[in-house]
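Enquirer: Here it is, the structure in full.
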Protein chains: 2
Amino acid sequence: MSTVYKSLIISPNPDKSIKTYNPGYMAISDNGKIEEIREENLHNKYKGYEFVDLSNYLIIPGLIDIHNHLPQYAFAGIGDKELLPWLENYTFPREKTFENKEIARESAKIFFSDLLKNGTTTSVTYVTIHKNAADIAFQEAEKAGIRAVIGKVNMDQNSPEFLTENTEKSINETKELAEKWHGKENRLFYVVTPRFAVSCSLDLMQELGKIAQKSDYFIQSHLSENRGEIDFVKKLFPESQSYTDVYEKAGLLGPKTIMAHCIHCNEEETEILAKTRTIIAHCPTSNRFLKSGIMPLRKYLEKGLRIGLGTDVAGGYSLSMFNEMKEAIENSKYYQVFVDKKTEPITPAEAFYLATLGGAEVLGFENETGSLEKGKNADLVVVDYKKTDPENGEGLYNEPEQILSRLIYRGGEQSIKEVYIKGQKVVKFA
Amino acid sequence: MSTVYKSLIISPNPDKSIKTYNPGYMAISDNGKIEEIREENLHNKYKGYEFVDLSNYLIIPGLIDIHNHLPQYAFAGIGDKELLPWLENYTFPREKTFENKEIARESAKIFFSDLLKNGTTTSVTYVTIHKNAADIAFQEAEKAGIRAVIGKVNMDQNSPEFLTENTEKSINETKELAEKWHGKENRLFYVVTPRFAVSCSLDLMQELGKIAQKSDYFIQSHLSENRGEIDFVKKLFPESQSYTDVYEKAGLLGPKTIMAHCIHCNEEETEILAKTRTIIAHCPTSNRFLKSGIMPLRKYLEKGLRIGLGTDVAGGYSLSMFNEMKEAIENSKYYQVFVDKKTEPITPAEAFYLATLGGAEVLGFENETGSLEKGKNADLVVVDYKKTDPENGEGLYNEPEQILSRLIYRGGEQSIKEVYIKGQKVVKFA
């Protein structure tokens, strides 16, 4: 159904500033595309369109989470253990349960439903090593209506026995899943997912790199999160110059590769990431929760590295990209305090860009989503933004930058009213 | 009305562990005191009491916020400016508006209502320099039913002209307010509030110290938050050994004095704080938001310093003590990462203690509130804790420590069902 919305609208610009329509009118065609958006009454121009007055609300683009782990969501927010016992007690046993299809299905339903409730309309997601579980995740993402980039995890060494795959089987199952799902409805995509260099043999990584390159699949892995992990990789690959070099030699880096964390990369490593145009998933909530450090976000942006934000659930405790934006800003402040006084923190507008258009650009989805512009999909979040204001919108602080800042610091699932993907309502709260 | 509640109950112990009743029964008399609490059916024993089955919920003690600024709540979450322009653009002009009684009243209503909605049943609060505004804050706290320690701010130098008081008037108004309100209903208390050493003359501080000591009022101020502030204090008081020494010489330290922040105190200063039994308000959200640093919480606890948690709204962006507990833990992790590898982070149970019984103990309220024990007031929060669980309470992670951790990391106003003070319902959500 074609619709004209009237609302306060805030959308990111490619230069990381914000564009505000106050109020704005947005015409959406029945194929779910934005036909026109401006600060001018479009009500009369688009005759026959349903007119929806959302004057008391704010519309922003759907949010983009470029790194999370579906099976780990079940224990999000449980922080009673250190990293190793946390992996042993929570992550690995939980991932094992995904051999059970019912658990895999129920978990996927909850996961995509909660992503949408949090305003996330595009997600890049790890499942487990289980082919069925990954297939089920795709099925549930398809039903939920979300844009999703999903991968079966590959791991064939240095892992608990019950999560260690046969290399050939791992490769074959990856191919099957990718061929089945990649590009479906131009909304579901396959991401080849070697977990990280520690848990993958060089053979496995090289073969996965070839598969991805041949068919233009995405690739995702983890890079330079934790000092212990970095030392382990050095021991496993003594001939490599660096952790990043391991992935480069394995043929895994490139403009469709998403490397999560990249906290401790040295100069040479960031040069490789820049040269290969590899995407970095910055996960600030997880940086702190797992005591990993702080990724130098401002410095990486200034180097022109390609960066999006990820919740890293359950290294992060929340699926909310509002929380992730806040953590990106707040951690960049501590980067200045504790690491480099000369590096300025990022602004709310910059964090907003990273969680929307920035994420779309690095994934190559910028012609379809990430901002509210003519010709793009109507992927959008209707926010009850006055709820985040102690004075309920009746006070003095209602500049767009102030509204955005408050949304980032005080918003969350509870401040979302509705979520749309391609113009279709996928979430509605009371 | 006398009531027996059945619920999962988690309450802090003085050794910072938690006590769990699963399920627990709690009998509350009609004077609002807890008569009995145990893991045994009290339904039959307390005949004639209303029985309320809250089996699907969790009851915790009311939360205690020992540092916040009432007038600043209006711009909570606005982080688009650095500290100095933030003060000049937001804090000072906003505080000026409190000369208007209607603004002061409306703001106080919102503030105490939102504290209660966040489960905070005890608050230690700064108003502004305006006597009327402080009086109104007391009136509204009285109506709201909250336990509140409130002070008119004193400042007679180095402040914007419109916030600079005549010293004598400042002292006299302080006396009048304190005499009027301190001890009312054993629920409202006066706190003498020299803003901080920069904005108070030595004469003013000394006189305020005498007034407080004579009548056993609380005292609150700010100490060692920011490097620039510390340097300024050094210049203003060249004869003093340290920032802390300034307050000690002014007669402001003691077991009823709450000093907010104390981030950069040296060994000699913490010795003074220990010796005088001065209370520290740790405000971790604000530590990061304002780029102040991280208070060494674990080290201070090991030294036996007396510590509670404060939101420091609007140096903090949220009135939620769940958020503050989370920030206390998460910042203690970054303290380990960036400042001292040997200092272990605090646990969810320790954070919970600080936000409840710990706060009550430092304020001297431990016989009345802060934990759920026989003889104490029924100050409690009913939490819809399953809402914080992605699996809605039906998954594997339902140990009390896990429930508590999830509540801290994923809870907030939206997970609170009801709030009681002295057995009286003060907040009820749909």
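How things are named: the first chain in the structure tokens is A, the next is B, and so on; residues count from 1 in each chain; ligands count from 1 in the order shown.
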Taking only stretch 177-303 of chain B into account, list the residues labelled strand (DSSP E) by DSSP (computed from the backbone), as a PyMOL selection string.
Expert: chain B and resi 188-194+218-223+257-261+279-282
Enquirer: Return the neighbours of chain A among the residues of chain B, cut-off 8 Å, counting only C-alpha atoms, as a ChimeraX atom specification.
Expert: /B:73-80,110,288-289,291-293,317-318,330,333-334,337-338,347-348,389-391,395,397,401-403,405-410,414
Enquirer: Could you superpose chain A on chain B by least squares over every Cα, matched in sequence order, and send it back as a compact mmCIF listing (two decimals) with C-alpha atoms, in the first residue's frame?
Expert:
# COMPACT_ATOMS: atom_id res chain seq x y z
CA MET A 1 -2.69 -3.20 54.61
CA SER A 2 -0.69 -6.25 55.78
CA THR A 3 0.48 -8.47 52.97
CA VAL A 4 2.37 -11.68 52.30
CA TYR A 5 4.27 -11.71 49.01
CA LYS A 6 5.49 -14.83 47.31
CA SER A 7 8.28 -14.22 44.82
CA LEU A 8 11.84 -14.91 43.84
CA ILE A 9 13.73 -12.59 46.20
CA ILE A 10 17.36 -11.46 45.96
CA SER A 11 18.83 -9.31 48.72
CA PRO A 12 22.42 -8.22 49.41
CA ASN A 13 24.48 -9.43 52.36
CA PRO A 14 26.86 -7.14 54.27
CA ASP A 15 29.79 -9.18 52.87
CA LYS A 16 28.67 -8.17 49.33
CA SER A 17 27.36 -11.62 48.42
CA ILE A 18 23.67 -12.18 47.66
CA LYS A 19 20.99 -14.00 49.58
CA THR A 20 18.33 -15.71 47.49
CA TYR A 21 14.88 -16.95 48.43
CA ASN A 22 13.50 -19.11 45.64
CA PRO A 23 10.67 -18.75 46.11
CA GLY A 24 10.58 -16.51 49.14
CA TYR A 25 7.68 -15.41 51.30
CA MET A 26 7.76 -11.94 52.81
CA ALA A 27 5.25 -10.74 55.38
CA ILE A 28 4.79 -6.99 55.58
CA SER A 29 2.86 -5.38 58.40
CA ASP A 30 0.48 -2.49 57.94
CA ASN A 31 3.12 -0.07 59.22
CA GLY A 32 5.25 -0.96 56.20
CA LYS A 33 7.88 -3.05 57.99
CA ILE A 34 9.09 -6.48 56.97
CA GLU A 35 7.89 -8.85 59.67
CA GLU A 36 9.38 -12.02 58.32
CA ILE A 37 11.11 -13.28 55.21
CA ARG A 38 11.93 -16.90 54.46
CA GLU A 39 11.77 -19.77 52.00
CA GLU A 40 8.80 -21.23 53.77
CA ASN A 41 5.14 -20.74 53.15
CA LEU A 42 4.06 -17.87 55.40
CA HIS A 43 0.64 -17.76 53.82
CA ASN A 44 -0.97 -19.80 56.59
CA LYS A 45 0.99 -18.28 59.46
CA TYR A 46 -0.07 -14.72 58.65
CA LYS A 47 -3.80 -15.21 58.56
CA GLY A 48 -5.77 -12.16 57.58
CA TYR A 49 -2.90 -10.81 55.50
CA GLU A 50 -3.53 -10.31 51.83
CA PHE A 51 -1.61 -12.93 49.85
CA VAL A 52 0.01 -11.66 46.65
CA ASP A 53 1.53 -14.25 44.36
CA LEU A 54 4.41 -12.72 42.40
CA SER A 55 5.94 -16.07 41.50
CA ASN A 56 6.86 -14.89 38.02
CA TYR A 57 8.65 -11.85 39.33
CA LEU A 58 11.71 -10.92 41.33
CA ILE A 59 11.74 -8.68 44.39
CA ILE A 60 14.89 -6.72 45.23
CA PRO A 61 15.43 -3.89 47.72
CA GLY A 62 14.78 -0.32 46.64
CA LEU A 63 17.84 1.21 44.99
CA ILE A 64 19.93 4.01 46.47
CA ASP A 65 21.38 6.84 44.39
CA ILE A 66 23.73 8.89 46.54
CA HIS A 67 24.60 11.62 44.02
CA ASN A 68 22.48 13.45 41.48
CA HIS A 69 21.47 16.96 40.37
CA LEU A 70 17.74 17.59 40.12
CA PRO A 71 17.84 20.59 37.75
CA GLN A 72 20.22 18.86 35.33
CA TYR A 73 17.86 15.98 34.60
CA ALA A 74 16.17 18.04 31.86
CA PHE A 75 19.24 17.73 29.62
CA ALA A 76 20.24 14.18 30.51
CA GLY A 77 21.74 12.40 27.52
CA ILE A 78 22.74 15.47 25.58
CA GLY A 79 26.35 14.87 24.79
CA ASP A 80 27.08 17.14 21.89
CA LYS A 81 29.47 19.41 23.77
CA GLU A 82 32.75 19.31 25.70
CA LEU A 83 32.73 19.91 29.47
CA LEU A 84 33.15 23.69 29.52
CA PRO A 85 30.65 24.56 26.77
CA TRP A 86 28.40 21.91 28.28
CA LEU A 87 28.43 23.76 31.61
CA GLU A 88 28.00 27.12 29.93
CA ASN A 89 25.30 26.04 27.51
CA TYR A 90 23.33 23.64 29.64
CA THR A 91 24.11 23.48 33.34
CA PHE A 92 24.33 27.14 34.31
CA PRO A 93 21.45 28.56 32.23
CA ARG A 94 19.26 25.66 33.31
CA GLU A 95 20.06 26.17 37.00
CA LYS A 96 19.24 29.85 36.61
CA THR A 97 15.68 29.00 35.56
CA PHE A 98 15.06 27.55 39.01
CA GLU A 99 14.52 31.07 40.31
CA ASN A 100 11.11 30.46 38.71
CA LYS A 101 9.03 28.47 41.18
CA GLU A 102 6.84 26.82 38.58
CA ILE A 103 9.83 25.46 36.71
CA ALA A 104 11.34 24.31 39.98
CA ARG A 105 8.12 22.53 40.95
CA GLU A 106 7.45 20.90 37.62
CA SER A 107 11.06 19.72 37.40
CA ALA A 108 11.01 18.30 40.93
CA LYS A 109 7.79 16.40 40.20
CA ILE A 110 9.28 14.82 37.11
CA PHE A 111 12.56 14.09 38.84
CA PHE A 112 11.21 12.23 41.86
CA SER A 113 8.60 10.45 39.79
CA ASP A 114 11.27 9.20 37.39
CA LEU A 115 13.58 8.17 40.22
CA LEU A 116 10.80 6.01 41.60
CA LYS A 117 9.99 4.59 38.16
CA ASN A 118 13.62 3.52 38.00
CA GLY A 119 13.33 1.72 41.34
CA THR A 120 15.28 4.30 43.31
CA THR A 121 13.72 4.67 46.74
CA THR A 122 16.50 6.71 48.38
CA SER A 123 18.13 9.72 46.70
CA VAL A 124 20.79 12.24 47.67
CA THR A 125 20.14 15.33 45.61
CA TYR A 126 21.53 18.76 44.72
CA VAL A 127 19.01 21.43 43.79
CA THR A 128 20.26 24.96 42.91
CA ILE A 129 21.26 28.03 44.91
CA HIS A 130 17.61 29.03 45.11
CA LYS A 131 16.04 28.62 48.52
CA ASN A 132 12.55 28.37 47.08
CA ALA A 133 13.59 25.71 44.61
CA ALA A 134 15.12 23.60 47.38
CA ASP A 135 12.03 24.06 49.53
CA ILE A 136 9.85 22.98 46.61
CA ALA A 137 12.08 19.95 46.00
CA PHE A 138 11.50 18.89 49.62
CA GLN A 139 7.74 19.38 49.21
CA GLU A 140 7.67 17.24 46.08
CA ALA A 141 9.88 14.54 47.61
CA GLU A 142 7.52 14.47 50.58
CA LYS A 143 4.53 14.01 48.27
CA ALA A 144 6.26 11.40 46.11
CA GLY A 145 6.99 9.25 49.14
CA ILE A 146 10.67 8.88 48.40
CA ARG A 147 13.42 8.90 51.06
CA ALA A 148 15.45 11.94 50.11
CA VAL A 149 18.47 13.83 51.29
CA ILE A 150 18.27 17.23 49.64
CA GLY A 151 20.37 20.37 49.67
CA LYS A 152 20.28 23.90 48.39
CA VAL A 153 23.54 24.54 46.56
CA ASN A 154 25.97 27.07 48.08
CA MET A 155 28.33 29.01 45.81
CA ASP A 156 29.75 32.49 46.41
CA GLN A 157 32.69 32.80 44.01
CA ASN A 158 34.10 31.85 40.60
CA SER A 159 30.63 31.23 39.20
CA PRO A 160 28.43 32.99 36.65
CA GLU A 161 27.12 36.16 38.21
CA PHE A 162 23.56 34.89 38.19
CA LEU A 163 24.61 31.86 40.25
CA THR A 164 26.82 33.71 42.73
CA GLU A 165 25.40 34.18 46.20
CA ASN A 166 26.06 36.61 48.97
CA THR A 167 27.90 34.55 51.58
CA GLU A 168 25.78 35.51 54.54
CA LYS A 169 22.51 35.02 52.67
CA SER A 170 23.71 31.64 51.49
CA ILE A 171 24.42 30.59 55.08
CA ASN A 172 21.16 31.91 56.47
CA GLU A 173 19.02 30.27 53.82
CA THR A 174 20.83 27.01 54.40
CA LYS A 175 20.02 27.16 58.12
CA GLU A 176 16.38 27.94 57.50
CA LEU A 177 15.89 25.08 55.08
CA ALA A 178 17.77 22.61 57.22
CA GLU A 179 15.77 23.50 60.32
CA LYS A 180 12.53 23.19 58.40
CA TRP A 181 13.16 19.84 56.75
CA HIS A 182 15.90 17.79 58.41
CA GLY A 183 14.51 14.58 59.85
CA LYS A 184 10.93 15.14 58.74
CA GLU A 185 8.96 11.87 58.85
CA ASN A 186 12.35 10.22 59.39
CA ARG A 187 12.42 10.23 55.59
CA LEU A 188 13.56 13.71 54.52
CA PHE A 189 16.98 15.02 55.47
CA TYR A 190 19.00 18.12 54.83
CA VAL A 191 22.41 18.00 53.22
CA VAL A 192 24.60 21.09 53.41
CA THR A 193 25.84 21.55 49.85
CA PRO A 194 28.90 23.68 49.12
CA ARG A 195 29.12 22.96 45.38
CA PHE A 196 32.90 22.49 45.30
CA ALA A 197 36.01 24.25 46.55
CA VAL A 198 36.29 26.37 43.40
CA SER A 199 32.91 28.01 43.81
CA CYS A 200 32.98 28.46 47.60
CA SER A 201 35.02 30.88 49.68
CA LEU A 202 36.83 29.44 52.67
CA ASP A 203 34.56 31.48 54.95
CA LEU A 204 31.48 29.94 53.41
CA MET A 205 32.85 26.41 53.65
CA GLN A 206 33.94 26.81 57.26
CA GLU A 207 30.61 28.25 58.33
CA LEU A 208 28.70 25.50 56.53
CA GLY A 209 30.89 22.89 58.20
CA LYS A 210 30.03 24.31 61.62
CA ILE A 211 26.32 24.38 60.89
CA ALA A 212 26.34 20.78 59.72
CA GLN A 213 28.38 19.53 62.63
CA LYS A 214 26.27 21.32 65.19
CA SER A 215 22.99 19.85 63.98
CA ASP A 216 24.22 16.57 62.52
CA TYR A 217 23.18 17.42 58.97
CA PHE A 218 24.67 15.66 55.97
CA ILE A 219 27.28 17.48 53.87
CA GLN A 220 27.91 16.93 50.15
CA SER A 221 30.36 18.31 47.65
CA HIS A 222 32.56 17.32 44.71
CA LEU A 223 36.18 16.19 45.01
CA SER A 224 38.88 15.44 42.47
CA GLU A 225 36.77 14.84 39.38
CA ASN A 226 38.78 16.56 36.68
CA ARG A 227 42.46 17.46 36.22
CA GLY A 228 41.66 21.06 35.33
CA GLU A 229 39.51 21.39 38.42
CA ILE A 230 42.30 20.01 40.62
CA ASP A 231 44.78 22.53 39.19
CA PHE A 232 42.34 25.36 39.80
CA VAL A 233 41.87 24.34 43.43
CA LYS A 234 45.66 24.22 43.91
CA LYS A 235 45.90 27.79 42.68
CA LEU A 236 43.03 28.99 44.84
CA PHE A 237 44.36 27.31 47.99
CA PRO A 238 48.17 27.39 47.64
CA GLU A 239 48.65 26.74 51.34
CA SER A 240 46.75 23.43 51.21
CA GLN A 241 48.48 20.07 50.78
CA SER A 242 45.81 18.77 48.44
CA TYR A 243 42.25 19.20 47.23
CA THR A 244 41.07 16.89 50.02
CA ASP A 245 43.09 18.89 52.51
CA VAL A 246 41.10 22.01 51.55
CA TYR A 247 37.89 20.34 52.64
CA GLU A 248 39.45 18.88 55.75
CA LYS A 249 40.78 22.26 56.85
CA ALA A 250 37.37 23.78 56.19
CA GLY A 251 35.84 21.23 58.56
CA LEU A 252 33.73 19.59 55.90
CA LEU A 253 34.85 15.95 56.09
CA GLY A 254 33.32 13.28 58.27
CA PRO A 255 31.06 10.21 58.33
CA LYS A 256 28.03 12.18 57.12
CA THR A 257 29.88 13.90 54.28
CA ILE A 258 29.43 12.63 50.72
CA MET A 259 32.19 13.56 48.30
CA ALA A 260 31.33 12.85 44.68
CA HIS A 261 33.90 11.35 42.28
CA CYS A 262 37.28 11.23 44.13
CA ILE A 263 38.84 9.93 40.92
CA HIS A 264 42.37 11.30 41.15
CA CYS A 265 42.97 11.30 44.92
CA ASN A 266 46.51 10.44 45.92
CA GLU A 267 47.58 8.22 48.80
CA GLU A 268 47.53 11.04 51.36
CA GLU A 269 44.08 12.10 50.27
CA THR A 270 42.59 8.63 50.54
CA GLU A 271 44.17 8.41 54.01
CA ILE A 272 42.28 11.55 55.00
CA LEU A 273 39.04 10.14 53.56
CA ALA A 274 39.60 6.88 55.46
CA LYS A 275 40.50 8.60 58.71
CA THR A 276 37.49 10.94 58.59
CA ARG A 277 35.19 8.13 57.38
CA THR A 278 34.02 10.40 54.57
CA ILE A 279 31.59 8.83 52.10
CA ILE A 280 32.57 8.58 48.43
CA ALA A 281 29.88 8.77 45.74
CA HIS A 282 31.20 6.71 42.84
CA CYS A 283 29.58 7.82 39.58
CA PRO A 284 30.97 5.58 36.84
CA THR A 285 28.60 6.68 34.06
CA SER A 286 29.65 10.25 34.61
CA ASN A 287 33.34 9.24 34.88
CA ARG A 288 33.18 8.20 31.23
CA PHE A 289 30.61 10.68 29.88
CA LEU A 290 32.65 13.66 31.09
CA LYS A 291 36.02 12.04 30.28
CA SER A 292 37.07 12.39 33.92
CA GLY A 293 38.88 9.05 34.28
CA ILE A 294 37.94 5.99 36.34
CA MET A 295 37.72 5.97 40.11
CA PRO A 296 39.75 3.01 41.47
CA LEU A 297 36.73 1.30 43.00
CA ARG A 298 38.32 -2.03 43.91
CA LYS A 299 41.33 -0.35 45.50
CA TYR A 300 39.14 1.98 47.54
CA LEU A 301 36.98 -0.93 48.70
CA GLU A 302 40.09 -2.82 49.76
CA LYS A 303 41.23 0.22 51.74
CA GLY A 304 37.93 0.15 53.58
CA LEU A 305 36.74 3.47 52.18
CA ARG A 306 33.00 4.04 52.47
CA ILE A 307 31.40 4.03 49.02
CA GLY A 308 27.98 4.25 47.41
CA LEU A 309 26.89 4.67 43.80
CA GLY A 310 25.50 7.82 42.21
CA THR A 311 24.06 8.52 38.79
CA ASP A 312 25.37 12.11 38.85
CA VAL A 313 22.56 13.07 36.47
CA ALA A 314 23.24 14.88 34.19
CA GLY A 315 26.97 14.13 34.22
CA GLY A 316 25.33 10.73 33.94
CA TYR A 317 22.70 10.34 31.25
CA SER A 318 20.33 8.06 33.15
CA LEU A 319 18.56 7.87 36.50
CA SER A 320 18.71 4.09 36.32
CA MET A 321 20.76 2.47 39.07
CA PHE A 322 20.78 -0.70 36.95
CA ASN A 323 22.79 1.27 34.43
CA GLU A 324 24.99 2.59 37.21
CA MET A 325 25.72 -0.92 38.51
CA LYS A 326 26.62 -1.98 34.97
CA GLU A 327 28.90 1.00 34.54
CA ALA A 328 30.56 0.31 37.89
CA ILE A 329 31.43 -3.19 36.73
CA GLU A 330 32.36 -2.26 33.17
CA ASN A 331 34.52 0.68 34.21
CA SER A 332 36.28 -1.49 36.76
CA LYS A 333 37.18 -3.75 33.84
CA TYR A 334 38.73 -0.83 31.95
CA TYR A 335 40.53 0.18 35.13
CA GLN A 336 42.20 -3.20 34.99
CA VAL A 337 42.93 -2.93 31.26
CA PHE A 338 44.24 0.63 31.22
CA VAL A 339 45.42 1.48 34.73
CA ASP A 340 46.38 -1.52 36.82
CA LYS A 341 46.42 -5.10 35.52
CA LYS A 342 46.45 -6.46 39.07
CA THR A 343 43.20 -4.84 40.12
CA GLU A 344 40.33 -7.24 39.53
CA PRO A 345 36.98 -5.92 38.28
CA ILE A 346 34.03 -5.93 40.64
CA THR A 347 31.31 -8.54 40.31
CA PRO A 348 27.58 -8.12 39.68
CA ALA A 349 26.94 -9.08 43.32
CA GLU A 350 29.32 -6.38 44.53
CA ALA A 351 27.71 -3.76 42.29
CA PHE A 352 24.30 -4.82 43.58
CA TYR A 353 25.51 -4.42 47.16
CA LEU A 354 26.81 -0.92 46.43
CA ALA A 355 23.48 0.16 44.90
CA THR A 356 21.46 -1.17 47.84
CA LEU A 357 22.80 -2.10 51.28
CA GLY A 358 26.14 -0.39 50.65
CA GLY A 359 24.39 2.91 49.96
CA ALA A 360 22.19 2.47 53.03
CA GLU A 361 25.18 1.71 55.26
CA VAL A 362 27.21 4.74 54.28
CA LEU A 363 24.21 7.01 54.79
CA GLY A 364 23.40 5.43 58.15
CA PHE A 365 20.06 4.13 56.86
CA GLU A 366 20.97 0.46 57.13
CA ASN A 367 18.47 -0.23 59.90
CA GLU A 368 15.67 0.96 57.69
CA THR A 369 16.40 0.18 54.08
CA GLY A 370 18.91 -1.29 51.61
CA SER A 371 18.13 -4.97 52.10
CA LEU A 372 15.11 -7.16 52.70
CA GLU A 373 15.34 -8.21 56.32
CA LYS A 374 13.07 -8.50 59.28
CA GLY A 375 12.44 -5.13 60.89
CA LYS A 376 13.43 -3.00 57.91
CA ASN A 377 11.09 -0.89 55.85
CA ALA A 378 9.49 -2.64 52.92
CA ASP A 379 11.30 -0.51 50.35
CA LEU A 380 11.31 -2.79 47.36
CA VAL A 381 11.21 -3.15 43.62
CA VAL A 382 9.16 -5.81 41.84
CA VAL A 383 11.03 -6.69 38.68
CA ASP A 384 9.66 -8.42 35.60
CA TYR A 385 13.03 -10.11 35.34
CA LYS A 386 12.06 -12.53 32.59
CA LYS A 387 11.85 -9.57 30.23
CA THR A 388 15.62 -9.24 30.47
CA ASP A 389 16.03 -12.87 29.39
CA PRO A 390 16.03 -13.51 25.62
CA GLU A 391 14.45 -16.88 26.44
CA ASN A 392 11.86 -15.35 28.76
CA GLY A 393 12.85 -17.45 31.76
CA GLU A 394 12.46 -20.69 29.85
CA GLY A 395 16.11 -21.27 29.02
CA LEU A 396 19.05 -22.73 30.86
CA TYR A 397 20.43 -19.67 32.55
CA ASN A 398 18.35 -19.10 35.67
CA GLU A 399 20.78 -19.24 38.56
CA PRO A 400 20.31 -16.24 40.88
CA GLU A 401 23.74 -14.84 39.89
CA GLN A 402 22.75 -15.11 36.24
CA ILE A 403 19.39 -13.46 36.80
CA LEU A 404 21.09 -10.64 38.70
CA SER A 405 23.76 -10.18 36.04
CA ARG A 406 21.17 -10.03 33.28
CA LEU A 407 19.14 -7.53 35.28
CA ILE A 408 22.18 -5.29 35.63
CA TYR A 409 23.22 -5.53 31.98
CA ARG A 410 19.81 -5.64 30.31
CA GLY A 411 17.40 -4.20 32.86
CA GLY A 412 16.06 -0.71 33.34
CA GLU A 413 12.84 1.18 33.89
CA GLN A 414 11.20 -1.07 31.31
CA SER A 415 11.76 -4.16 33.45
CA ILE A 416 10.20 -2.71 36.60
CA LYS A 417 6.65 -3.66 37.45
CA GLU A 418 6.04 -1.97 40.79
CA VAL A 419 7.91 0.01 43.41
CA TYR A 420 7.06 0.14 47.12
CA ILE A 421 8.27 2.40 49.90
CA LYS A 422 7.40 1.41 53.48
CA GLY A 423 5.01 -1.10 51.96
CA GLN A 424 3.12 1.54 50.00
CA LYS A 425 2.95 1.21 46.24
CA VAL A 426 4.49 4.34 44.75
CA VAL A 427 4.83 3.14 41.14
CA LYS A 428 2.82 0.72 39.12
CA PHE A 429 3.28 0.06 35.42
CA ALA A 430 0.64 -1.44 33.17
